[in-house]
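Have a look at the structure below, then the notes.
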Amino acid sequence: MTFRTRLGAALAVSALLASGKVQAQQVSAEQLMDYTPRQKDVEIDMPTKADLAQCKVEVKQAGKTSGYILTGPQGQMLRWFKDGEDADRAVDEFRYYKDGFEVYREIDSDGDAKIDQYRWMNTAGTRWGIDSNQDGVIDQWKILSAEELSREVVRALANRNEAALQAVLVTAEDLKRLGFDADLSKEILGNVSAPGQKMQQILSQSKVIQPTTKWLRFDGQNPSLVPSDAGKATQDLTIYGNVMAIVETGSQTGFIQVGEILKVGDVWKLTQMPRAIDESVKELVAGSILRPGTGSSETVSADITPEMKLLIDQLTQLHENAPKPGDKPEAIGRYNVEHARLLGALAATGGSESDRLQWKRQQIDIIAEATQVDTFPNGLDELTKLETAIRRDKASPLLSHVTFRRILAQYFVDLSKAEAADRQKVQDGFLASLEKFVTDFPTAEQVPDAMYQLATALDLNGKPTEASRWYGQLMKDFPKTEVGERATGSLRRLQLKGRPLVMAGTGLTGGSIDVAQYRGKTVIVVYWATWCKPCTEDLPALKELYAANRASGLEVLGINVDNADGPIKEYIAEYKVPWAHIAEKKGMDCPQAINYGILSVPTMFVVDSTGTVQLVTASLDDIKKVLPDLLKK
């Protein structure tokens with residue numbers, strides 16, 4: 001059944017458009033909701049039955065395009081089924097929304113009434129899949145990030161889906177396009193040949209991969225560039241040498257070796273078959289591209305030496321006896337020192353270079369993190385010693401990492417010791433160190449974090465112009481990183497004054513809430529959390545302000561940033577908070593916080609009766625000054 005007929009005979013969207021008599025009343029919200037995404041991993045807003053009765057269907061016509069827009073009870077976008085620029089008066093784009101943002105789109109690009117493209121966007125990722133034979137299964141990818149590739153691999157294995165796995169394997173055409181050496185090309189194609197048979201073999205040997213297995217995280221070192229003059233291909237190659245996917249099956253965590261992956265245009269692909277790492281598989285298969293020369297794939301032993309086993313056993317025992325909440329700082333300090341010692345010993349003990357680097361990196365991280373919370377005696381000295389030793393090898397891949405962690409630790413130590421009058425000097429020194437780091441290590445993996453630290457420090461210190469410069473640079477250079485997305489939100493916040501506020505989400509008591517429903521009112525939007533002491537301290541004054549001005553048109557909308565286990569309802573009951581709240585229960589990772597780059601709570605916006613933002617990151621004193629004039633409008 002085509003997507004038009006799936007909407008039901010009563011709807012006949014395309015027929016209505018083609019007739020030229022498009023009327024919103026001819027199509028109900030229920031009929032539009034009849035059509036759902038064909039791809040299963042799409043998270044979209046789904047109104048409840050009660051909310052659906054309050055949803056509205058509108059016809060939008062602009063130039064050559066026209067279509068149906070479905071909005072929720074508070075005016076938030078839910079669906080947009082439209083005719084594209086071809087002006088054939090037939091629906092060829094189905095757009096789906098989450099929290100006011102489009103996250104998924106299905107496209108009929110050739111006008112034959114069958115979907116042939118699927119796109120994920122905004123907070124849903126970057127994937128763009130092509131369905132050449134229009135059977136609902138993605139045959140090839142137009143855009144696929146390395147992280148999303150690892151997720152697709154896990155999904156394909158868990159679902160026993162050979163076609164999905166085939167879509168992410170490198171092809172002869174890909175290798176030809178990149179100008180691969182003939183022998184190396186033959187080897188790689190051999191690695192990925194007969195995928196169905198190899199997949200069945202992988203699954204039959206594995207206890208890790210089950211139908212319930214879920215992807216948790218991408219794990220891989222920095223990508224590598226193999227230059228065109230290395231004899232592998234006529235073009236530069238971008239690869240990850242050995243990617244692992246961390247997965248969860250029930251309550252058990254496991255690993256899948258995704259292996260070596262290659263970037264072909266905007267798509268990352270496998271150059272070898274994935275495999276689960278468990279008791280039945282004790283070896284990791286190395287990729288073909290990073291090895292000197294060509295030849296059959298090497299097998300790297302996953303076995304460990306007796307010395308390494310002893311150290312790992314000691315590390316395991318240490319973890320089993322880790323300090324408990326409430327233990328004295330001295331006990332926590334001793335634990336951290338021993339933890340770092342064992343990691344350092346492992347880094348100095350044989351094994352592969354990759355293993356040694358991983359142990360050393362963990363040692364650096366343990367010392368740095370513990371130093372920042374004052375639970376590692378003389379931690380800054382230890383970190384500085386490690387940096388000095390690593391700096392002797394200027395080519396060490398850990399140099400930028402240890403330098404960055406030392407800069408952060410230095411800042412926290414200096415700030416904790418500084419008198420109030422000297423804190424600005426410490427802050428200025430920290431910002432100068434970060435700028436120098438970005439200059440000294442322009443391609444380091446820590447650069448996005450360094451830029452974000454710079455931007456947020458300037459932002460929190462009331463320097464929006466300088467902060468905007470760094471946020472903008474971060475967006476430009478690293479748009480697809482987590483901090484790049486947060487920088488986008490932060491810059492949106494800094495530029496928000498005088499613009500409409502787009503804000504929607506799940507209400508604490510169910511249903512959905514959109515700031516648009518407050519149109520005609522002056523609204524204070526306040527980000528808060530139950531653990532936030534300043535939020536609680538401000539609450540009496542905010543309640544008083546609300547009570548005094550509600551009759552004049554003042555409303556307050558809370559945006560809670562607690563995690564799922566936060567005592568939100570208990571807090572509201574205890575403090576008798578009278579206004580509505582959006583609560584996604586995802587902490588500071590909720591869409592409402594990310595979309596506006598919220599750095600701390602409380603953060604407050606003031607929106608006038610037209611829906612335009614008048615104050616950003618305002619204090620209660622700021623609000624009291626402008627409120628009388630806003631309420632007169």
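To be explicit about the labels: the chains of the structure tokens are called A, B, and onward in the order shown, and within each one the residues are counted from 1, while ligands get numbers from 1 in the order they are shown.
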
All residues 12 Å or closer to Leu318 (chain A), only C-alpha atoms, same chain fewer than 6 positions away omitted, as number ranges by chain: A: 311-312, 332, 334-343

Residue contacts of Ala194 (chain A) (12 Å, only C-alpha atoms) excluding same-chain residues fewer than 5 positions away, as a PDB file with N, CA and C atoms, in the first residue's frame:
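Below is the file out15.pdb, written as the result:
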ATOM      1  N   GLU A 162      20.090  -8.875   7.530  1.00  0.00           N
ATOM      2  CA  GLU A 162      21.216  -8.895   6.598  1.00  0.00           C
ATOM      3  C   GLU A 162      21.216  -7.672   5.695  1.00  0.00           C
ATOM      4  N   ALA A 163      20.034  -7.238   5.257  1.00  0.00           N
ATOM      5  CA  ALA A 163      19.954  -6.085   4.360  1.00  0.00           C
ATOM      6  C   ALA A 163      20.484  -4.819   5.032  1.00  0.00           C
ATOM      7  N   LEU A 165      22.706  -4.697   7.424  1.00  0.00           N
ATOM      8  CA  LEU A 165      24.155  -4.822   7.531  1.00  0.00           C
ATOM      9  C   LEU A 165      24.814  -4.578   6.182  1.00  0.00           C
ATOM     10  N   GLN A 166      24.225  -5.111   5.130  1.00  0.00           N
ATOM     11  CA  GLN A 166      24.762  -4.929   3.786  1.00  0.00           C
ATOM     12  C   GLN A 166      24.854  -3.441   3.433  1.00  0.00           C
ATOM     13  N   LEU A 169      28.215  -1.852   4.594  1.00  0.00           N
ATOM     14  CA  LEU A 169      29.492  -2.453   4.187  1.00  0.00           C
ATOM     15  C   LEU A 169      30.079  -1.691   3.010  1.00  0.00           C
ATOM     16  N   LEU A 189      37.384  -6.303   0.200  1.00  0.00           N
ATOM     17  CA  LEU A 189      36.138  -6.879  -0.314  1.00  0.00           C
ATOM     18  C   LEU A 189      35.975  -8.326   0.159  1.00  0.00           C
ATOM     19  N   MET A 199      27.331 -13.300   9.105  1.00  0.00           N
ATOM     20  CA  MET A 199      26.509 -12.794  10.197  1.00  0.00           C
ATOM     21  C   MET A 199      25.915 -13.943  10.999  1.00  0.00           C
ATOM     22  N   GLN A 200      25.440 -14.970  10.318  1.00  0.00           N
ATOM     23  CA  GLN A 200      24.876 -16.124  11.014  1.00  0.00           C
ATOM     24  C   GLN A 200      25.930 -16.801  11.878  1.00  0.00           C
ATOM     25  N   GLN A 201      27.155 -16.848  11.371  1.00  0.00           N
ATOM     26  CA  GLN A 201      28.244 -17.451  12.136  1.00  0.00           C
ATOM     27  C   GLN A 201      28.544 -16.623  13.389  1.00  0.00           C
ATOM     28  N   GLN A 272      35.339  -4.410   7.491  1.00  0.00           N
ATOM     29  CA  GLN A 272      35.438  -5.775   7.977  1.00  0.00           C
ATOM     30  C   GLN A 272      34.137  -6.113   8.690  1.00  0.00           C
ATOM     31  N   MET A 273      33.908  -7.379   8.925  1.00  0.00           N
ATOM     32  CA  MET A 273      32.681  -7.797   9.591  1.00  0.00           C
ATOM     33  C   MET A 273      32.791  -7.536  11.096  1.00  0.00           C
TER      34      MET A 273
END

Which of A:Ile130, A:Ala409, A:Ile572, A:Val264 sits closest to Asp116 (chain A) [using only C-alpha atoms]: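 Between A:Ile130, A:Ala409, A:Ile572, A:Val264, the residue approaching Asp116 (chain A) most closely is A:Ile130.
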
Which residues are near region 461-470 of chain A? Cut-off 10 Å, only C-alpha atoms, ignore same chain within fewer than 6 positions. Put them as a VMD selection string. chain A and resid 424 427 450 to 455 476 487 to 488 490 to 492 494 to 495

Looking at A:Ser552, A:Ser228, A:Gln257, A:Thr610, which one is nearest to Leu270 (chain A), with distances taken over only C-alpha atoms?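 Looking at the shortest contact to Leu270 (chain A), the residue is A:Gln257.
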
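Coordinates place CA of Thr509 (chain A) at a distance of 16.7 Å from CA of Leu52 (chain A).
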
Going by DSSP on the backbone, which bits of region 189-219 of chain A are strand (DSSP E)? Write them as a VMD selection string, please. chain A and resid 214 to 219

Using only C-alpha atoms, please write the residues we just selected to a file, as a PDB file, in the first residue's frame.
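Below is the file that was written, part-v3.pdb:
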ATOM      1  CA  LYS A 214      20.550  -2.207  22.626  1.00  0.00           C
ATOM      2  CA  TRP A 215      23.313   0.184  21.551  1.00  0.00           C
ATOM      3  CA  LEU A 216      24.676   2.324  24.383  1.00  0.00           C
ATOM      4  CA  ARG A 217      27.778   4.111  23.170  1.00  0.00           C
ATOM      5  CA  PHE A 218      30.393   4.526  20.456  1.00  0.00           C
ATOM      6  CA  ASP A 219      33.957   3.951  21.609  1.00  0.00           C
TER       7      ASP A 219
END

Separation of CA of Arg486 (chain A) from CA of Pro500 (chain A), in Å and rounded to one decimal: 19.5 Å

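Comparing the minimum interatomic distances between Asp355 (chain A) and each of A:Val154, A:Met308, A:Gly379, A:Met588, counting only C-alpha atoms, we find that A:Met308 sits nearest.
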
Please determine, counting only C-alpha atoms, which residue among A:Met475, A:Ala182, A:Leu631, A:Ile598 has the shortest atom-to-atom distance to Ala551 (chain A). A:Leu631

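Take CA of Pro195 (chain A) and CA of Thr213 (chain A): the distance between them is 19.9 Å.
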
Long-range neighbours of Gln117 (chain A) as a list in words, 9 Å cut-off, only C-alpha atoms, 5 positions minimum in chain: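 Contacts, in chain order: Arg105, Glu106, Ile107, Asp108, Ser109, Trp128, Gly129, Ile130, Asp131, Ser132, Gln134 and Ile138 of chain A.
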
Nearest-residue call for Glu102 (chain A), choices A:Gln197, A:Asn222, A:Asn122, A:Thr212, using only C-alpha atoms: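 Closest candidate: A:Asn122.
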
Non-local contacts of Val438 (chain A) (7 Å; only C-alpha atoms; under 4 positions in same chain excluded) as a list in words: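 In the requested form, the answer reads Leu434, Pro442, Val447 and Ala450 of chain A.
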
For the residues in the current selection, export N, CA and C atoms as a JSON list (two decimals), in the first residue's frame.
[["chain", "number", "residue", "atom", "x", "y", "z"],
["A", 434, "LEU", "N", 43.59, 28.43, 27.98],
["A", 434, "LEU", "CA", 42.74, 27.75, 27.01],
["A", 434, "LEU", "C", 43.01, 28.27, 25.59],
["A", 442, "PRO", "N", 45.79, 22.76, 17.48],
["A", 442, "PRO", "CA", 44.57, 23.11, 16.71],
["A", 442, "PRO", "C", 43.75, 21.91, 16.25],
["A", 447, "VAL", "N", 40.07, 20.20, 21.53],
["A", 447, "VAL", "CA", 39.84, 21.59, 21.11],
["A", 447, "VAL", "C", 38.37, 22.01, 21.24],
["A", 450, "ALA", "N", 37.84, 22.76, 24.78],
["A", 450, "ALA", "CA", 38.56, 23.98, 25.18],
["A", 450, "ALA", "C", 37.80, 25.23, 24.71]]

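Take the candidates A:Asp374, A:Glu147, A:Glu353, A:Glu320 and check each one against Tyr240 (chain A) using only C-alpha atoms; the shortest distance goes to A:Glu147.
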
Surrounding residues of region 385-391 of chain A excluding itself and chain neighbours under 2 positions, 10 Å, only C-alpha atoms, as a PyMOL selection string: chain A and resi 360+363-364+379-383+393-406

Step one, run DSSP on the backbone; step two, keep only residues of region 361-481 of chain A assigned to alpha helix (DSSP H); then write them as number ranges by chain. A: 361-372, 379-391, 399-417, 423-440, 447-460, 464-477
